[in-house]
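Enquirer: Would you mind keeping the following structure in view while I ask a few things?
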There are 2 protein chains.
Amino acid sequence: MTTMTRRQVLAGGAALLLPRGLRAEELVPVYAEIEKRHIESLDRLRRWVKQPTIAAENRGMAEGNALLIALLREAGFQRAERVPTDGHPGVFATHDAGARKTVGLYFMYDVKQVKPEEWSSPPWEARLVNVPGLGKALMGRGAVNQKGPEASFLAALHAIRGAGRKLPVNFVLVAEGEEEIGSPHFHQIVGRPEIREALSRTSGVFMPSATQGLDGEVTIALGAKGVVELELIADGEKWGRGPKKDIHSGNRARVDSPAFHLVQALATLVTKDGDPAIDGFADAARALDPDQLAMIDETLRRSKEATQKEALGVQRWAHDVDFRQSLIDLCSRPTVNIQGLVGGYTGPGGMTILPHRAVAKMDLRLVPDMTRDGAVAALKMHLAKRGFADLEVKVTGGYDPTQTPAGSAFIDAQKRAYSRSRVEAQLWPRTAGSYPGFVFTGDPLRLPAGHFGLGHGLRAHAPDEYYLIESTNPKVEGMDGAVRSFVDYLYELAS
Amino acid sequence: MTTMTRRQVLAGGAALLLPRGLRAEELVPVYAEIEKRHIESLDRLRRWVKQPTIAAENRGMAEGNALLIALLREAGFQRAERVPTDGHPGVFATHDAGARKTVGLYFMYDVKQVKPEEWSSPPWEARLVNVPGLGKALMGRGAVNQKGPEASFLAALHAIRGAGRKLPVNFVLVAEGEEEIGSPHFHQIVGRPEIREALSRTSGVFMPSATQGLDGEVTIALGAKGVVELELIADGEKWGRGPKKDIHSGNRARVDSPAFHLVQALATLVTKDGDPAIDGFADAARALDPDQLAMIDETLRRSKEATQKEALGVQRWAHDVDFRQSLIDLCSRPTVNIQGLVGGYTGPGGMTILPHRAVAKMDLRLVPDMTRDGAVAALKMHLAKRGFADLEVKVTGGYDPTQTPAGSAFIDAQKRAYSRSRVEAQLWPRTAGSYPGFVFTGDPLRLPAGHFGLGHGLRAHAPDEYYLIESTNPKVEGMDGAVRSFVDYLYELAS
């Protein structure tokens, strides 16, 4: 929404866009309260980003869990408590507003690792920086993934209450602190009888998100790929060949190399062109259906290939396909990826050793109806069949794909809420990234689930991650616009 | 030499073993001086080890160069000076004793990298530690490779001078500070007209070494494999495929993977069994000749397979060959080795990125008549032919194989010197490690070259490297015995 249209709404000029049965004057004071509380909302986000919460490094996790609980209580949740798991703890929280409907929320409080030397603004200082063509943004790890959008959601609750309004819906919230390491214990949280029962009373589950691209466009992803995160480990001792410790590389003439053993195994996992070649891995993969292809064609009309290539730093798509096919591939192809290689000597220059151990950090992305367990089993079988049974497949996280029907009321409410800000949201079959929505969309809950929120940020998982606070770009919402979108969505969900 | 036989020598009871034309009473005061100067010699070595000199990390190199020059001057070299190169500087030194013969010396002053946390005694503290079954050893990086033996050699010069004797030979010394990174600039030192001319007047070149194994046995290596140290680098930008920077791994569905590109290239470099498969790489490799095989059979009679497997932490030799064949392989096989793999995310856990770059640190070992340049050319041609022309082959060091004839007077003097300590040295065709002896044995100098020295140490390139100082094992010499062996060798070379 542009500044101008926002004023129109505040003046009651956009009554046409109000949720069914809601009078304009009900929302005007809430919108005013959002602007009044801008500094308070920004301070809340800064406080959150300044608390590192890196699950992979076990950094700040206890503090981060306690902070989220405090933020939820401050926002009006009557109940908000730590949920222990075999890994980092989650959070379960409820907000009973006496409303007719109950909505599920999925939060994460962990963030990706950082290399501070790669940042132009220190990742834990949450400074406001100027982003050319966009305005002022908060820069820091977790700014957009996911503390910024989550803080904007909490700001929406503060604004509704601050304006003296009753919340239009009740909430059941589950949060985890291991999203960035593949949600290895999220099922332990959602699987608790009390939590599962509470979620079963919701009409769907969403995660606050900053969905606007640089052109302001919004995409509603109806699903996400599943993922397996794993380490493939070659070790001389386990192999029974090669050395048990690093030895002088002169011995290579009569001692086998675990590093080459790993390389040879890795080389069997993809075709010459880099596509998955794990036996049986993709047998259950479904192609896109005509409705999904139509969504891609609609997106194609609005997207620029050059912009996407530029953003990714890519000269050619895999297989040298055209833009349309690249989008189809993005939605529909399972993948086998190397995240990192680490073995033997990794410092500057060389070191004449024959390493006893080498590791490939990998992720496999899955599409319906592939499953996490099926993918792991296929990988192990594939390796064993080729003489690599000794390689350790250390699964560190992952989950099944998730999918929500395009026609659900939950998605319709999203479309209506976006259109209140004159944003026509585009449906998208499935993101190529992953999130553990399957715990909501799969058995036994079978709820619609997805992401929602106006606002913009970039560089999740990368240096200089930011979340736009004060927009100077009429197409893209800043923080207050994001907060307002949550208010709108809650009223749409209630209607 | 045991304590008992040492006493016999000091008492003149081993006159039979004296160099031709040398009277026993000439050496008795020198041997006495060695023992008298034990603490001084040990302090010299400790001072040297305490100075880190890691070429790969550019750590302490200027200081290390200056320290070697100081040590040489203290030992009587009239001339000792820094020789600049395009990398770390070398040293050129001469000692004119007015003797009839001149001997060449090859020193190195750099050492391998360390991971201090893996050491039981800090690598730069040069502490004396007890080694069960052996005695007191100096532990530290460079202790045996190569500062310990070199310090013992210098102690021999101090002892001869301290005993009021004239040196039996003159010296021409060349030293480098880049041995551990593949001697990339050593040819610049030896290639200087003045230095080459000086070396051409020598009867051969040797490097002080601690050649005794745990059983006291000594092997005279007649050669060493050549080596190429290199990095094989896949980079999305250079490839023209894949990303130019690390991107979210969800994009793997439509973006190629430089890491897999590297893996696929690496997999072509070896056979299924791990042997070199680079086209043309080993075309010039010569098999061992009957004399060399006889040396191996002689060694076989003295060696225990179980001891070697235990020392290396190896359960099976490559190809499941027997011990004899493993020794033949060690001497005769060229190798393709991965020293290290490093690409993308290498920290704890995982990180969902598609890395833009991946590197394999490698070494290739060469046997006569393979050459460094030939091996690099073969590798590049091999890669280009298979669609990997974009991979960067970054050669960081290396040199041709080196070989000295078994029958040279230089080697005969070594045998005689060892036999003075009642050690029957075993000839060995070629070490599987590498050293840049080719600059001496190849064109234009064509000198005999090798290593010499009694004494013992272990764990070169590994944690807890040590050099034996005070031996409690009658079969193995401590520092004083090593010093004496150098005295003996110099007199043998003069005779």
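By order in the structure tokens, chains are A, B, ...; within a chain, residues start at 1; ligands start at 1, following the order shown.
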Considering only C-alpha atoms, return as JSON, numbers by chain whatever protein or nucleic-acid residues lie within 7 Å of segment 129-134 of chain A, sequence-local ones (same chain, fewer than 5 positions apart) excluded.
Expert: {"A": [139, 471, 472, 473]}
Enquirer: Can I get the selection written as an mmCIF file, in the first residue's frame, with N, CA and C atoms?
Expert:
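Result file is selection.cif:
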data_model
loop_
_atom_site.group_PDB
_atom_site.id
_atom_site.type_symbol
_atom_site.label_atom_id
_atom_site.label_comp_id
_atom_site.auth_asym_id
_atom_site.auth_seq_id
_atom_site.Cartn_x
_atom_site.Cartn_y
_atom_site.Cartn_z
ATOM 1 N N MET A 139 19.230 -3.723 9.815
ATOM 2 C CA MET A 139 20.148 -4.743 9.320
ATOM 3 C C MET A 139 20.643 -5.599 10.476
ATOM 4 N N SER A 471 9.650 2.794 4.516
ATOM 5 C CA SER A 471 9.743 2.682 3.064
ATOM 6 C C SER A 471 9.626 4.041 2.396
ATOM 7 N N THR A 472 10.514 4.283 1.430
ATOM 8 C CA THR A 472 10.365 5.453 0.571
ATOM 9 C C THR A 472 9.890 5.022 -0.813
ATOM 10 N N ASN A 473 9.596 3.742 -0.937
ATOM 11 C CA ASN A 473 9.179 3.177 -2.217
ATOM 12 C C ASN A 473 7.677 2.900 -2.153
#
Enquirer: May I ask you to extract the residues of chain B within 6 Å of chain A, using only C-alpha atoms, and to give them as a ChimeraX atom specification?
Expert: /B:56,241,243-244,250,253-256,263-264,267,313-314,316-318,326,329-330,333,335,339-346,349,353-354,432-433
Enquirer: Would you mind exporting C-alpha atoms of the selected residues as a PDB file, in the first residue's frame?
Expert:
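Result written to part.pdb:
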ATOM      1  CA  ALA B  56      52.297 -21.539   4.570  1.00  0.00           C
ATOM      2  CA  ARG B 241      27.411 -22.096 -14.697  1.00  0.00           C
ATOM      3  CA  PRO B 243      26.197 -18.966  -8.934  1.00  0.00           C
ATOM      4  CA  LYS B 244      28.844 -16.272  -8.570  1.00  0.00           C
ATOM      5  CA  GLY B 250      16.611 -24.119  -2.738  1.00  0.00           C
ATOM      6  CA  ALA B 253      16.675 -27.071  -8.675  1.00  0.00           C
ATOM      7  CA  ARG B 254      17.639 -24.698 -11.475  1.00  0.00           C
ATOM      8  CA  VAL B 255      21.229 -23.680 -10.759  1.00  0.00           C
ATOM      9  CA  ASP B 256      24.302 -25.868 -11.293  1.00  0.00           C
ATOM     10  CA  VAL B 263      33.599 -33.724  -7.332  1.00  0.00           C
ATOM     11  CA  GLN B 264      32.942 -34.991 -10.836  1.00  0.00           C
ATOM     12  CA  ALA B 267      36.359 -38.664  -9.619  1.00  0.00           C
ATOM     13  CA  GLY B 313      47.007 -46.819  11.598  1.00  0.00           C
ATOM     14  CA  VAL B 314      46.302 -48.917   8.541  1.00  0.00           C
ATOM     15  CA  ARG B 316      44.916 -53.094   4.800  1.00  0.00           C
ATOM     16  CA  TRP B 317      47.303 -51.944   2.090  1.00  0.00           C
ATOM     17  CA  ALA B 318      45.738 -50.607  -1.088  1.00  0.00           C
ATOM     18  CA  SER B 326      53.348 -52.630  -0.475  1.00  0.00           C
ATOM     19  CA  ASP B 329      54.287 -49.732  -4.395  1.00  0.00           C
ATOM     20  CA  LEU B 330      55.652 -47.235  -1.910  1.00  0.00           C
ATOM     21  CA  ARG B 333      53.879 -45.876  -7.734  1.00  0.00           C
ATOM     22  CA  THR B 335      50.095 -41.060  -6.719  1.00  0.00           C
ATOM     23  CA  GLN B 339      45.199 -33.360   1.065  1.00  0.00           C
ATOM     24  CA  GLY B 340      42.061 -31.452   1.865  1.00  0.00           C
ATOM     25  CA  LEU B 341      38.596 -30.566   0.655  1.00  0.00           C
ATOM     26  CA  VAL B 342      37.154 -27.173   1.402  1.00  0.00           C
ATOM     27  CA  GLY B 343      34.111 -25.545  -0.065  1.00  0.00           C
ATOM     28  CA  GLY B 344      30.950 -23.777   1.005  1.00  0.00           C
ATOM     29  CA  TYR B 345      29.909 -24.143   4.598  1.00  0.00           C
ATOM     30  CA  THR B 346      32.510 -25.909   6.739  1.00  0.00           C
ATOM     31  CA  GLY B 349      26.082 -28.509  11.573  1.00  0.00           C
ATOM     32  CA  ILE B 353      23.605 -22.841   0.747  1.00  0.00           C
ATOM     33  CA  LEU B 354      24.595 -23.671  -2.794  1.00  0.00           C
ATOM     34  CA  ALA B 432      57.801 -41.918  -1.046  1.00  0.00           C
ATOM     35  CA  GLY B 433      58.051 -38.422   0.373  1.00  0.00           C
TER      36      GLY B 433
END
Enquirer: Mind checking which residues fall within 9 Å of segment 144-157 of chain B, counting only C-alpha atoms, ignoring those fewer than 5 positions away in the same chain, and posting them as a ChimeraX atom specification?
Expert: /B:30,34,37-38,40-42,44-46,48-49,71-72,74-76,107-112,138-139,162,167,207-210,453-461,465-468,479-480,482-487
Enquirer: Point out the residue among A:Trp124, A:Phe410, A:Tyr106, A:Phe92 with the least atom-to-atom distance to Gly437 of chain A, counting only C-alpha atoms.
Expert: A:Tyr106
Enquirer: Let's see if you can do this: from backbone DSSP, list all strand (DSSP E or B) residues in segment 107-300 of chain B, as a count of residues only.
Expert: 47
Enquirer: Interatomic distance between atom CA of Ala66 of chain B and atom CA of Val91 of chain B?
Expert: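 About the pair atom CA of Ala66 of chain B and atom CA of Val91 of chain B: they are 9.1 Å apart.
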Enquirer: What is the atom CA of Arg386 of chain A to atom CA of Ala277 of chain A distance in Å?
Expert: 12.5 Å
